[in-house]
file query.txt (compact mmCIF, C-alpha atoms)
# COMPACT_ATOMS: atom_id res chain seq x y z
CA MET A 1 128.66 95.76 102.96
CA ARG A 2 127.58 99.37 103.34
CA LEU A 3 128.56 102.66 104.95
CA ALA A 4 127.79 103.34 108.59
CA THR A 5 128.53 106.10 111.05
CA ALA A 6 130.40 105.22 114.25
CA ALA A 7 128.66 106.45 117.35
CA GLY A 8 127.93 105.62 120.96
CA ALA A 9 129.94 104.34 123.88
CA LEU A 10 130.22 100.73 125.00
CA LEU A 11 127.56 99.59 127.47
CA ALA A 12 128.16 96.98 130.14
CA VAL A 13 126.12 93.80 129.92
CA ALA A 14 125.67 90.97 132.37
CA ALA A 15 127.20 87.60 131.56
CA SER A 16 124.96 84.55 131.39
CA VAL A 17 125.30 80.98 130.19
CA LEU A 18 122.76 79.60 127.72
CA ALA A 19 122.32 75.85 127.86
CA THR A 20 121.08 73.79 124.95
CA PRO A 21 117.54 72.63 125.86
CA PRO A 22 116.57 68.94 125.68
CA ALA A 23 114.35 69.51 122.62
CA ALA A 24 117.24 70.99 120.68
CA GLN A 25 119.54 68.17 121.81
CA ALA A 26 117.03 65.61 120.55
CA ARG A 27 116.72 67.38 117.20
CA GLU A 28 120.51 67.59 116.95
CA ALA A 29 120.85 63.86 117.48
CA ALA A 30 118.06 63.03 115.03
CA GLU A 31 119.04 65.41 112.26
CA PRO A 32 122.80 66.00 112.36
CA GLY A 33 124.06 69.16 110.75
CA PHE A 34 125.84 72.30 111.82
CA HIS A 35 124.80 73.14 115.36
CA VAL A 36 125.69 75.41 118.24
CA ARG A 37 126.83 74.01 121.56
CA ASP A 38 128.21 75.95 124.49
CA GLY A 39 128.70 79.02 122.32
CA ARG A 40 130.65 77.19 119.62
CA LEU A 41 129.69 76.23 116.06
CA LEU A 42 130.14 72.50 115.52
CA ASP A 43 129.79 70.55 112.30
CA ALA A 44 127.72 67.39 111.87
CA ASN A 45 130.55 65.27 113.28
CA GLY A 46 130.67 67.36 116.44
CA SER A 47 133.95 68.96 115.39
CA ASP A 48 134.59 72.60 116.19
CA PHE A 49 134.34 74.63 112.98
CA VAL A 50 135.91 78.06 112.58
CA MET A 51 134.98 79.83 109.34
CA ARG A 52 137.87 81.09 107.28
CA GLY A 53 136.57 82.41 103.99
CA VAL A 54 135.40 85.27 101.82
CA ASN A 55 132.23 86.69 100.29
CA HIS A 56 131.35 86.12 96.64
CA ALA A 57 128.77 88.30 94.85
CA HIS A 58 127.01 85.48 93.03
CA THR A 59 123.75 87.27 92.26
CA TRP A 60 125.55 89.89 90.14
CA TYR A 61 128.16 87.54 88.67
CA THR A 62 126.46 84.18 88.30
CA SER A 63 128.68 83.11 85.40
CA ARG A 64 131.78 83.69 87.51
CA THR A 65 130.69 81.48 90.39
CA PRO A 66 131.94 78.03 89.24
CA GLN A 67 135.53 79.20 88.82
CA ALA A 68 135.40 81.61 91.76
CA LEU A 69 134.51 78.85 94.19
CA LYS A 70 137.31 76.64 92.90
CA ASP A 71 139.81 79.48 93.19
CA ILE A 72 138.69 80.47 96.67
CA LYS A 73 139.10 76.87 97.81
CA ALA A 74 142.49 76.51 96.13
CA LEU A 75 143.72 79.51 98.13
CA GLY A 76 142.84 77.71 101.34
CA ALA A 77 139.35 78.87 102.36
CA ASN A 78 137.02 76.48 104.17
CA SER A 79 133.84 78.51 103.64
CA VAL A 80 132.26 81.08 101.36
CA ARG A 81 129.43 83.53 101.91
CA VAL A 82 127.33 83.69 98.75
CA VAL A 83 125.24 86.75 97.83
CA LEU A 84 121.70 85.87 96.68
CA SER A 85 118.74 88.02 95.71
CA SER A 86 115.10 87.54 96.69
CA GLY A 87 114.01 89.41 93.56
CA ASP A 88 113.02 92.56 95.46
CA ARG A 89 116.00 94.59 94.26
CA TRP A 90 117.85 92.36 91.84
CA THR A 91 117.07 89.30 89.70
CA LYS A 92 115.83 86.49 91.90
CA ASN A 93 118.07 83.47 92.38
CA ASP A 94 115.52 80.69 92.03
CA THR A 95 115.46 77.21 93.50
CA ALA A 96 117.44 75.64 90.67
CA ASP A 97 120.14 78.31 90.87
CA VAL A 98 120.48 78.02 94.64
CA ALA A 99 120.68 74.23 94.38
CA SER A 100 123.44 74.65 91.81
CA VAL A 101 125.39 76.97 94.10
CA VAL A 102 125.12 74.48 96.96
CA SER A 103 126.29 71.68 94.71
CA GLN A 104 129.27 73.73 93.54
CA CYS A 105 130.21 74.64 97.12
CA LYS A 106 130.14 70.97 98.08
CA ALA A 107 132.20 70.01 95.04
CA SER A 108 134.84 72.51 96.17
CA ARG A 109 134.55 71.29 99.79
CA LEU A 110 133.44 74.71 100.99
CA VAL A 111 130.83 75.33 103.67
CA CYS A 112 128.18 77.45 101.98
CA VAL A 113 126.82 80.48 103.85
CA LEU A 114 123.86 81.71 101.79
CA GLU A 115 122.58 85.26 102.36
CA VAL A 116 119.74 87.40 100.97
CA HIS A 117 121.17 90.80 100.03
CA ASP A 118 117.93 92.68 99.30
CA THR A 119 117.43 93.51 102.99
CA THR A 120 120.56 95.69 103.06
CA GLY A 121 119.89 98.96 104.89
CA TYR A 122 116.13 98.55 105.26
CA GLY A 123 114.51 101.73 106.51
CA GLU A 124 117.22 103.88 105.01
CA GLN A 125 118.04 102.36 101.64
CA SER A 126 115.37 102.90 98.99
CA GLY A 127 113.80 99.63 97.86
CA ALA A 128 115.33 97.50 100.61
CA ALA A 129 113.28 94.48 101.65
CA THR A 130 112.16 93.51 105.14
CA LEU A 131 113.36 90.44 107.01
CA ALA A 132 109.84 89.09 106.60
CA ARG A 133 110.29 89.29 102.82
CA ALA A 134 113.62 87.49 103.17
CA VAL A 135 111.84 84.67 105.00
CA ASP A 136 109.30 84.51 102.17
CA TYR A 137 112.22 84.01 99.81
CA TRP A 138 113.76 81.23 101.89
CA LEU A 139 110.42 79.44 101.95
CA SER A 140 110.24 79.70 98.17
CA VAL A 141 113.67 78.06 97.68
CA GLN A 142 113.49 75.65 100.61
CA ASP A 143 113.82 72.61 98.36
CA ALA A 144 117.29 73.78 97.33
CA VAL A 145 118.66 73.62 100.88
CA LYS A 146 116.53 70.98 102.57
CA GLY A 147 118.73 68.04 103.55
CA GLN A 148 121.88 70.14 103.20
CA GLU A 149 122.20 71.02 106.89
CA LYS A 150 125.71 69.50 106.97
CA TYR A 151 126.96 71.90 104.34
CA VAL A 152 124.79 75.04 104.39
CA VAL A 153 124.32 77.90 106.85
CA VAL A 154 121.32 80.15 106.18
CA ASN A 155 122.17 83.84 106.67
CA ILE A 156 118.61 85.22 106.80
CA GLY A 157 119.22 88.73 105.47
CA ASN A 158 122.20 90.99 104.87
CA GLU A 159 122.52 94.09 107.10
CA PRO A 160 118.77 94.17 107.67
CA TYR A 161 118.51 97.70 109.00
CA GLY A 162 120.31 100.94 108.26
CA ASN A 163 120.60 103.73 110.81
CA THR A 164 116.85 104.41 110.94
CA ASN A 165 114.31 102.54 113.12
CA TYR A 166 116.92 99.92 113.90
CA SER A 167 115.34 99.24 117.32
CA ALA A 168 112.87 97.01 115.45
CA TRP A 169 115.73 94.64 114.61
CA THR A 170 115.23 92.49 117.70
CA ALA A 171 111.55 91.70 117.20
CA ASP A 172 111.93 91.27 113.43
CA THR A 173 114.86 88.91 113.82
CA LYS A 174 113.09 86.78 116.42
CA ASN A 175 110.02 86.55 114.19
CA ALA A 176 112.13 85.55 111.19
CA ILE A 177 113.85 82.78 113.14
CA VAL A 178 110.55 81.38 114.46
CA ARG A 179 108.95 81.40 111.00
CA LEU A 180 111.87 79.49 109.50
CA ARG A 181 111.85 76.92 112.29
CA ASN A 182 108.10 76.45 111.99
CA ALA A 183 108.56 75.89 108.26
CA GLY A 184 111.03 73.07 108.89
CA PHE A 185 114.39 74.80 108.47
CA ASP A 186 116.81 72.81 110.65
CA HIS A 187 119.94 74.61 109.50
CA THR A 188 122.20 76.79 111.57
CA LEU A 189 120.78 80.28 111.05
CA MET A 190 122.98 83.36 110.85
CA VAL A 191 121.65 86.82 111.69
CA ASP A 192 123.34 90.09 110.69
CA ALA A 193 123.47 93.17 112.87
CA PRO A 194 121.59 96.41 112.09
CA ASN A 195 123.28 99.78 111.41
CA TRP A 196 124.44 98.50 108.01
CA GLY A 197 125.78 95.44 109.81
CA GLN A 198 128.09 97.36 112.17
CA ASP A 199 125.87 97.57 115.26
CA TRP A 200 127.27 100.89 116.47
CA SER A 201 124.05 101.22 118.51
CA PHE A 202 124.78 97.84 120.14
CA THR A 203 121.24 96.71 119.35
CA MET A 204 122.37 93.19 118.43
CA ARG A 205 124.97 93.01 121.16
CA ASP A 206 122.58 93.96 123.95
CA ASN A 207 119.63 91.86 122.71
CA ALA A 208 121.51 88.77 121.57
CA GLU A 209 120.43 86.58 124.49
CA GLN A 210 116.73 87.02 123.81
CA VAL A 211 117.20 86.48 120.07
CA PHE A 212 119.15 83.28 120.73
CA ALA A 213 116.50 82.12 123.21
CA ALA A 214 113.76 82.72 120.62
CA ASP A 215 115.24 79.95 118.47
CA PRO A 216 113.66 76.67 119.64
CA ASP A 217 116.74 74.85 118.29
CA ARG A 218 119.24 77.22 119.98
CA ASN A 219 121.09 77.10 116.67
CA THR A 220 121.61 80.75 115.72
CA VAL A 221 124.95 82.45 115.03
CA PHE A 222 125.37 86.24 115.15
CA SER A 223 127.26 88.11 112.44
CA ILE A 224 128.95 91.49 112.84
CA HIS A 225 130.29 93.45 109.85
CA MET A 226 133.45 95.36 110.68
CA TYR A 227 134.27 98.44 108.65
CA GLY A 228 134.92 102.01 109.82
CA VAL A 229 133.17 101.57 113.17
CA PHE A 230 135.86 99.07 114.13
CA ASP A 231 139.02 101.09 113.56
CA THR A 232 140.84 100.20 116.79
CA ALA A 233 141.96 96.91 118.33
CA ALA A 234 140.18 97.82 121.57
CA GLU A 235 136.80 98.16 119.82
CA VAL A 236 137.26 94.88 117.97
CA SER A 237 138.28 92.96 121.08
CA ASP A 238 135.60 94.45 123.32
CA TYR A 239 132.75 93.68 120.94
CA LEU A 240 133.74 90.09 120.20
CA THR A 241 134.78 89.23 123.75
CA ARG A 242 131.38 90.25 125.11
CA PHE A 243 129.77 87.53 122.96
CA VAL A 244 132.37 84.91 123.87
CA THR A 245 132.00 85.66 127.59
CA ARG A 246 128.24 85.08 127.34
CA LYS A 247 128.72 81.94 125.25
CA LEU A 248 126.92 83.44 122.29
CA PRO A 249 128.27 82.31 118.90
CA ILE A 250 129.52 85.10 116.65
CA VAL A 251 131.44 85.51 113.39
CA VAL A 252 132.77 88.50 111.52
CA GLY A 253 130.59 88.08 108.45
CA GLU A 254 132.20 90.93 106.50
CA PHE A 255 135.23 93.17 106.91
CA GLY A 256 137.70 95.00 104.73
CA ASN A 257 141.12 96.63 104.85
CA ASP A 258 139.75 100.10 104.09
CA HIS A 259 136.43 101.86 103.68
CA SER A 260 134.96 105.21 102.87
CA ASP A 261 133.39 105.37 106.36
CA GLY A 262 136.76 104.92 108.06
CA ASN A 263 139.75 102.64 108.10
CA PRO A 264 138.96 99.31 109.81
CA ASP A 265 141.76 97.61 111.72
CA GLU A 266 141.94 94.43 109.68
CA ASP A 267 145.05 93.23 111.53
CA ALA A 268 143.22 93.44 114.85
CA ILE A 269 140.13 91.75 113.38
CA MET A 270 142.15 88.80 112.12
CA ALA A 271 144.33 88.52 115.22
CA THR A 272 141.41 88.78 117.64
CA THR A 273 139.25 86.22 115.84
CA GLN A 274 142.21 83.86 115.80
CA ARG A 275 142.85 84.39 119.52
CA LEU A 276 139.19 83.80 120.39
CA GLY A 277 138.69 80.96 117.93
CA LEU A 278 136.04 82.85 115.95
CA GLY A 279 135.27 82.77 112.23
CA TYR A 280 135.67 85.51 109.64
CA LEU A 281 134.53 86.05 106.05
CA GLY A 282 136.26 88.89 104.24
CA TRP A 283 134.55 91.16 101.72
CA SER A 284 134.95 90.27 98.87
CA TRP A 285 136.38 88.08 96.13
CA SER A 286 135.92 90.41 93.13
CA GLY A 287 133.49 92.65 91.26
CA ASN A 288 133.12 95.57 93.68
CA GLY A 289 131.96 98.90 92.29
CA GLY A 290 130.54 102.20 93.45
CA GLY A 291 133.85 103.52 94.71
CA VAL A 292 134.90 100.53 96.80
CA GLU A 293 136.75 98.64 94.10
CA TYR A 294 139.72 98.50 96.49
CA LEU A 295 137.85 95.76 98.37
CA ASP A 296 138.42 93.31 95.50
CA MET A 297 140.73 90.47 96.54
CA ALA A 298 141.28 89.28 92.98
CA THR A 299 141.61 91.63 90.03
CA GLY A 300 138.95 90.80 87.45
CA PHE A 301 138.14 87.46 89.16
CA ASP A 302 141.67 86.30 88.31
CA ALA A 303 143.16 84.26 91.17
CA SER A 304 146.66 84.79 89.78
CA ARG A 305 146.29 88.56 90.29
CA LEU A 306 145.57 89.00 93.95
CA THR A 307 145.33 92.58 95.12
CA PRO A 308 147.15 93.77 98.26
CA TRP A 309 143.91 93.09 100.18
CA GLY A 310 143.72 89.60 98.68
CA GLN A 311 147.33 88.90 99.60
CA ARG A 312 146.67 90.09 103.14
CA MET A 313 143.53 87.97 103.47
CA PHE A 314 144.90 84.73 102.11
CA ASN A 315 148.64 84.86 102.79
CA GLY A 316 149.12 87.30 105.67
CA ALA A 317 149.43 86.82 109.43
CA ASN A 318 146.34 85.08 110.85
CA GLY A 319 145.13 84.78 107.25
CA ILE A 320 143.24 82.00 105.56
CA LYS A 321 146.21 79.93 104.41
CA GLN A 322 147.73 79.99 107.89
CA THR A 323 144.61 79.32 109.97
CA SER A 324 141.94 77.56 107.88
CA ARG A 325 140.87 73.96 108.55
CA GLU A 326 138.51 72.13 106.21
CA ALA A 327 135.19 71.03 107.72
CA SER A 328 135.39 67.40 108.77
CA VAL A 329 132.10 66.63 106.97
CA PHE A 330 133.98 66.64 103.68
CA SER A 331 136.32 63.87 104.75
CA GLY A 332 133.70 61.91 106.66
CA GLY A 333 135.84 62.28 109.74
CA GLY A 334 135.60 64.21 112.92
CA GLU A 335 137.15 64.30 116.33
CA THR A 336 137.75 60.67 117.26
CA PRO A 337 138.03 59.57 120.88
CA PRO A 338 141.31 58.04 122.05
CA THR A 339 140.34 54.36 122.09
CA GLY A 340 143.13 53.30 124.45
CA GLY A 341 143.32 56.36 126.65
CA CYS A 342 145.38 59.51 126.90
CA ALA A 343 147.79 61.30 129.21
CA VAL A 344 148.58 64.98 129.61
CA SER A 345 151.72 66.66 130.85
CA TYR A 346 151.28 70.28 132.01
CA ARG A 347 154.40 72.25 132.93
CA VAL A 348 154.65 75.98 133.65
CA ASN A 349 157.31 78.66 133.84
CA ASP A 350 155.77 81.10 136.34
CA TRP A 351 157.10 84.62 137.01
CA GLY A 352 154.35 85.82 139.35
CA SER A 353 152.17 88.04 137.18
CA GLY A 354 152.15 85.60 134.29
CA PHE A 355 153.37 82.26 133.01
CA ASN A 356 154.06 80.10 130.00
CA ALA A 357 152.54 76.62 129.93
CA ASP A 358 153.91 73.69 127.93
CA VAL A 359 151.31 70.99 127.34
CA THR A 360 151.97 67.54 125.89
CA VAL A 361 149.03 65.33 124.93
CA ARG A 362 149.91 61.65 124.57
CA ASN A 363 147.71 59.10 122.80
CA THR A 364 148.19 55.90 124.80
CA GLY A 365 145.91 53.92 122.50
CA THR A 366 146.48 51.79 119.42
CA ALA A 367 144.65 54.00 116.88
CA ALA A 368 145.50 57.51 115.72
CA VAL A 369 143.34 60.40 116.96
CA LYS A 370 142.50 62.71 114.05
CA GLY A 371 141.11 66.05 115.11
CA TRP A 372 141.19 66.74 118.82
CA GLN A 373 139.92 69.03 121.51
CA LEU A 374 141.58 69.26 124.90
CA ALA A 375 139.37 70.79 127.59
CA PHE A 376 140.31 71.86 131.09
CA ALA A 377 139.51 74.51 133.69
CA PHE A 378 141.79 76.97 135.44
CA GLY A 379 141.74 76.78 139.21
CA GLY A 380 142.68 80.43 139.80
CA GLU A 381 142.54 83.80 138.08
CA GLN A 382 144.40 82.99 134.87
CA THR A 383 143.81 84.52 131.43
CA VAL A 384 145.21 83.12 128.18
CA LYS A 385 146.97 85.74 126.05
CA SER A 386 148.50 83.81 123.14
CA ALA A 387 149.27 80.26 122.03
CA TRP A 388 151.44 78.27 119.67
CA ASN A 389 150.94 74.92 117.90
CA ALA A 390 147.25 74.98 118.91
CA LYS A 391 144.29 77.35 119.04
CA VAL A 392 143.50 78.07 122.69
CA THR A 393 140.26 79.82 123.64
CA GLN A 394 138.87 80.69 127.05
CA SER A 395 135.38 81.33 128.42
CA GLY A 396 135.44 82.15 132.11
CA LYS A 397 137.64 79.51 133.68
CA GLN A 398 136.93 76.97 130.93
CA VAL A 399 139.73 76.51 128.37
CA ARG A 400 139.59 74.72 125.04
CA ALA A 401 142.57 73.81 122.85
CA THR A 402 142.17 72.61 119.25
CA PRO A 403 144.95 71.80 116.78
CA GLU A 404 146.66 73.70 114.08
CA PRO A 405 146.84 71.83 110.74
CA TRP A 406 150.31 70.51 111.60
CA THR A 407 149.21 69.12 114.98
CA GLU A 408 145.87 67.71 113.87
CA THR A 409 146.73 64.01 114.27
CA ILE A 410 148.05 62.32 117.41
CA PRO A 411 149.59 59.01 116.27
CA ALA A 412 148.95 55.81 118.18
CA GLY A 413 151.49 55.81 120.98
CA GLY A 414 152.58 59.30 119.97
CA SER A 415 152.01 62.82 121.19
CA VAL A 416 151.57 66.44 120.22
CA SER A 417 152.75 69.47 122.17
CA PHE A 418 151.55 73.04 122.33
CA GLY A 419 151.98 76.01 124.59
CA PHE A 420 150.34 79.19 125.69
CA SER A 421 151.16 82.39 127.51
CA ALA A 422 148.83 83.70 130.21
CA SER A 423 148.54 86.32 132.92
CA SER A 424 147.70 85.35 136.49
CA THR A 425 146.64 86.94 139.75
CA GLY A 426 147.32 85.14 143.02
CA ALA A 427 147.79 81.39 143.08
CA ASN A 428 148.40 79.54 139.81
CA PRO A 429 147.39 75.91 140.39
CA ALA A 430 147.56 73.37 137.59
CA PRO A 431 144.21 72.25 136.14
CA ALA A 432 142.64 69.45 138.16
CA SER A 433 141.74 67.36 135.11
CA PHE A 434 141.90 67.20 131.30
CA THR A 435 139.55 65.64 128.75
CA LEU A 436 140.52 64.74 125.18
CA ASN A 437 137.48 64.59 122.88
CA GLY A 438 135.38 63.86 125.95
CA THR A 439 137.68 61.19 127.40
CA THR A 440 139.33 61.92 130.75
CA CYS A 441 143.12 61.73 130.52
CA ALA A 442 145.70 60.65 133.05
CA LYS A 443 148.10 63.32 134.28
CA SER A 444 151.80 62.75 133.80
call {"tool": "encode", "arguments": {"input": "query.txt", "output": "structure tokens"}}
result
Amino acid sequence: MRLATAAGALLAVAASVLATPPAAQAREAAEPGFHVRDGRLLDANGSDFVMRGVNHAHTWYTSRTPQALKDIKALGANSVRVVLSSGDRWTKNDTADVASVVSQCKASRLVCVLEVHDTTGYGEQSGAATLARAVDYWLSVQDAVKGQEKYVVVNIGNEPYGNTNYSAWTADTKNAIVRLRNAGFDHTLMVDAPNWGQDWSFTMRDNAEQVFAADPDRNTVFSIHMYGVFDTAAEVSDYLTRFVTRKLPIVVGEFGNDHSDGNPDEDAIMATTQRLGLGYLGWSWSGNGGGVEYLDMATGFDASRLTPWGQRMFNGANGIKQTSREASVFSGGGETPPTGGCAVSYRVNDWGSGFNADVTVRNTGTAAVKGWQLAFAFGGEQTVKSAWNAKVTQSGKQVRATPEPWTETIPAGGSVSFGFSASSTGANPAPASFTLNGTTCAKS
């Protein structure tokens, strides 16, 4: 989290699809953990995972961490981004401390996103460390995270460039990824944008394909920090949609409801990530200083005294309580195939320029399906606008529906229903086929 200056106009980029190479598929099968497939972050069970959590400043408030993680989980979060220090600017969090944090995250059933904060604003912030130094740190604490690929995402370095010499971000990030892979890190890696995380120069956006391709595991997630640069819904939607269209995984790794560099549109950030099925991690639980105390979600680390920002984050529209789903690795479950088959009913109310679709998914088998993903493709020029009783995301003509907490289980012999609203141009044919957790369904 840091100030940035909004500048520049949006640049057009060409869409491309990045396939997971055979080597990465083999590694994925051999060493299950979080992994990226087709632009989505999946957990070790192959279940789609959408981060819904907050940041916690562990390195400055180590004694607060045990209770903070419990409180964050109790309020509904499924993940937490934990601030660590490499020792370059603050007291180093050593191997034992990092292992303790991971253990506490797991005990609270939170996915643990670990980040090195010393890189913040390199090139502009006095004393900031390079991404290469951040990699040195990860190598020094590797024992704390090795074998924890199911529960830990490694965020290499926080906001690794300020507004000076940020063009070096691409090469430095690629080098950092390769060094970690060569050292045996099999985790999902997360990389922050330059420009104090806000990428107003579009350096990350326009070089994301080559950074992703530099990862031999194709297991890198991009993180944008949204503060004053993202003060309109159009800017939020444009930036995130460009990644989704290219099937590049992205999360909003930090954002706030206000900032000294401008007033971010937190409502648009939360609504757009929900519409696109993307993760977000709000800044931050408690302990802010330096004039941004208003970004505290809990007053004095007290979960019973949520600030207006905390109430918005946890209890508001598209907030954590409403949209969070716990990672299936904590229950040992995942998306189970319908053992006896499935059938899908697809009905539309079409008014020419748009339509509403009502979809019923029936489990024709003898065992319940817990956690599901319905996939299909549009046959015309249709664009999903909103949905109810499921999360519906679209990439090109490919559509993916996943459940809300109240529609998560399809009982044996039972069904769940959801709907969506979409625009259309020209013909509006029904999808030719549907698959439920990889199983082709009958149409009814």
call {"tool": "residues_around", "arguments": {"input": "query.txt", "residues": "Ala208 (chain A)", "least_positions_apart": "3", "cutoff": "10 Å", "atoms": "all atoms listed in the file", "output": "list in words"}}
result
Thr170, Ala193, Phe202, Thr203, Met204, Arg205, Val211, Phe212, Ala213, Ala214, Thr220, Val221, Phe222, Phe243, Arg246, Leu248 and Pro249 of chain A
call {"tool": "write_last_selection", "arguments": {"input": "query.txt", "atoms": "C-alpha atoms", "output": "PDB file, in the coordinates of the input"}}
result
ATOM      1  CA  THR A 170     115.230  92.490 117.700  1.00  0.00           C
ATOM      2  CA  ALA A 193     123.470  93.170 112.870  1.00  0.00           C
ATOM      3  CA  PHE A 202     124.780  97.840 120.140  1.00  0.00           C
ATOM      4  CA  THR A 203     121.240  96.710 119.350  1.00  0.00           C
ATOM      5  CA  MET A 204     122.370  93.190 118.430  1.00  0.00           C
ATOM      6  CA  ARG A 205     124.970  93.010 121.160  1.00  0.00           C
ATOM      7  CA  VAL A 211     117.200  86.480 120.070  1.00  0.00           C
ATOM      8  CA  PHE A 212     119.150  83.280 120.730  1.00  0.00           C
ATOM      9  CA  ALA A 213     116.500  82.120 123.210  1.00  0.00           C
ATOM     10  CA  ALA A 214     113.760  82.720 120.620  1.00  0.00           C
ATOM     11  CA  THR A 220     121.610  80.750 115.720  1.00  0.00           C
ATOM     12  CA  VAL A 221     124.950  82.450 115.030  1.00  0.00           C
ATOM     13  CA  PHE A 222     125.370  86.240 115.150  1.00  0.00           C
ATOM     14  CA  PHE A 243     129.770  87.530 122.960  1.00  0.00           C
ATOM     15  CA  ARG A 246     128.240  85.080 127.340  1.00  0.00           C
ATOM     16  CA  LEU A 248     126.920  83.440 122.290  1.00  0.00           C
ATOM     17  CA  PRO A 249     128.270  82.310 118.900  1.00  0.00           C
TER      18      PRO A 249
END
call {"tool": "atom_distance", "arguments": {"input": "query.txt", "atom1": "CA of Gly290 (chain A)", "atom2": "CA of Arg81 (chain A)"}}
result
20.5 Å
call {"tool": "atom_distance", "arguments": {"input": "query.txt", "atom1": "CA of Ala401 (chain A)", "atom2": "CA of Ala268 (chain A)"}}
result
21.2 Å
call {"tool": "closest_residue", "arguments": {"input": "query.txt", "among": "A:Ile250, A:Asn195, A:Val244, A:Thr360", "to": "Ser395 (chain A)", "atoms": "all atoms listed in the file"}}
result
A:Val244
call {"tool": "residues_around", "arguments": {"input": "query.txt", "residues": "region 364-379 of chain A", "least_positions_apart": "2", "cutoff": "8 Å", "atoms": "only C-alpha atoms", "output": "PyMOL selection string"}}
result
chain A and resi 47+333-343+362+381-382+397-403+408-414+428-437
call {"tool": "residues_around", "arguments": {"input": "query.txt", "residues": "Glu266 (chain A)", "least_positions_apart": "2", "cutoff": "7 Å", "atoms": "only C-alpha atoms", "output": "ChimeraX atom specification"}}
result
/A:256-257,264,268-270
call {"tool": "atom_distance", "arguments": {"input": "query.txt", "atom1": "CA of Tyr227 (chain A)", "atom2": "CA of Ser284 (chain A)"}}
result
12.8 Å
call {"tool": "axis_aligned_box", "arguments": {"input": "query.txt", "around": "region 278-287 of chain A", "padding_each_side": "4 Å", "output": "lines of an AutoDock Vina configuration file"}}
result
center_x = 134.9
center_y = 87.7
center_z = 103.6
size_x = 10.9
size_y = 17.9
size_z = 32.7
call {"tool": "residues_around", "arguments": {"input": "query.txt", "residues": "Asp199 (chain A)", "least_positions_apart": "5", "cutoff": "10 Å", "atoms": "only C-alpha atoms", "output": "list in words"}}
result
Ala4, Thr5, Ala6, Ala7, Glu159, Tyr161, Gly162, Asn163, Tyr166, Asp192, Ala193, Pro194, Met204, Arg205, Asp206, Ser223, Ile224, His225, Met226, Val229 and Tyr239 of chain A
call {"tool": "residues_near_point", "arguments": {"input": "query.txt", "point": "(154.5, 81.1, 127.6)", "cutoff": "6 Å", "atoms": "all atoms listed in the file", "output": "compact mmCIF listing (two decimals) with C-alpha atoms, in the coordinates of the input"}}
result
# COMPACT_ATOMS: atom_id res chain seq x y z
CA PHE A 355 153.37 82.26 133.01
CA ASN A 356 154.06 80.10 130.00
CA ALA A 357 152.54 76.62 129.93
CA PHE A 420 150.34 79.19 125.69
CA SER A 421 151.16 82.39 127.51
call {"tool": "decode", "arguments": {"input": "query.txt", "residues": "region 350-361 of chain A", "atoms": "N, CA and C atoms", "output": "CSV table (one decimal), in the first residue's frame"}}
result
chain,number,residue,atom,x,y,z
A,350,ASP,N,-36.3,-14.0,-24.1
A,350,ASP,CA,-35.5,-13.2,-25.0
A,350,ASP,C,-36.4,-12.0,-25.5
A,351,TRP,N,-35.8,-10.8,-25.4
A,351,TRP,CA,-36.5,-9.6,-25.9
A,351,TRP,C,-35.7,-8.9,-27.0
A,352,GLY,N,-34.8,-9.6,-27.7
A,352,GLY,CA,-34.1,-9.1,-28.9
A,352,GLY,C,-32.7,-8.7,-28.6
A,353,SER,N,-32.6,-7.6,-27.8
A,353,SER,CA,-31.2,-7.1,-27.5
A,353,SER,C,-30.6,-7.7,-26.3
A,354,GLY,N,-31.4,-8.5,-25.6
A,354,GLY,CA,-30.9,-9.2,-24.4
A,354,GLY,C,-31.9,-10.3,-24.0
A,355,PHE,N,-31.5,-11.0,-22.9
A,355,PHE,CA,-32.3,-12.1,-22.4
A,355,PHE,C,-32.0,-12.5,-21.0
A,356,ASN,N,-32.9,-13.1,-20.3
A,356,ASN,CA,-32.7,-13.8,-19.1
A,356,ASN,C,-32.7,-15.3,-19.3
A,357,ALA,N,-31.8,-16.0,-18.7
A,357,ALA,CA,-31.7,-17.4,-18.8
A,357,ALA,C,-32.0,-18.1,-17.4
A,358,ASP,N,-32.8,-19.1,-17.4
A,358,ASP,CA,-33.0,-19.9,-16.2
A,358,ASP,C,-32.5,-21.2,-16.4
A,359,VAL,N,-31.5,-21.6,-15.5
A,359,VAL,CA,-30.8,-22.9,-15.7
A,359,VAL,C,-31.1,-23.8,-14.5
A,360,THR,N,-31.5,-25.0,-14.8
A,360,THR,CA,-31.6,-26.0,-13.7
A,360,THR,C,-30.7,-27.2,-14.0
A,361,VAL,N,-29.9,-27.5,-13.0
A,361,VAL,CA,-28.9,-28.6,-13.0
A,361,VAL,C,-29.4,-29.7,-12.2
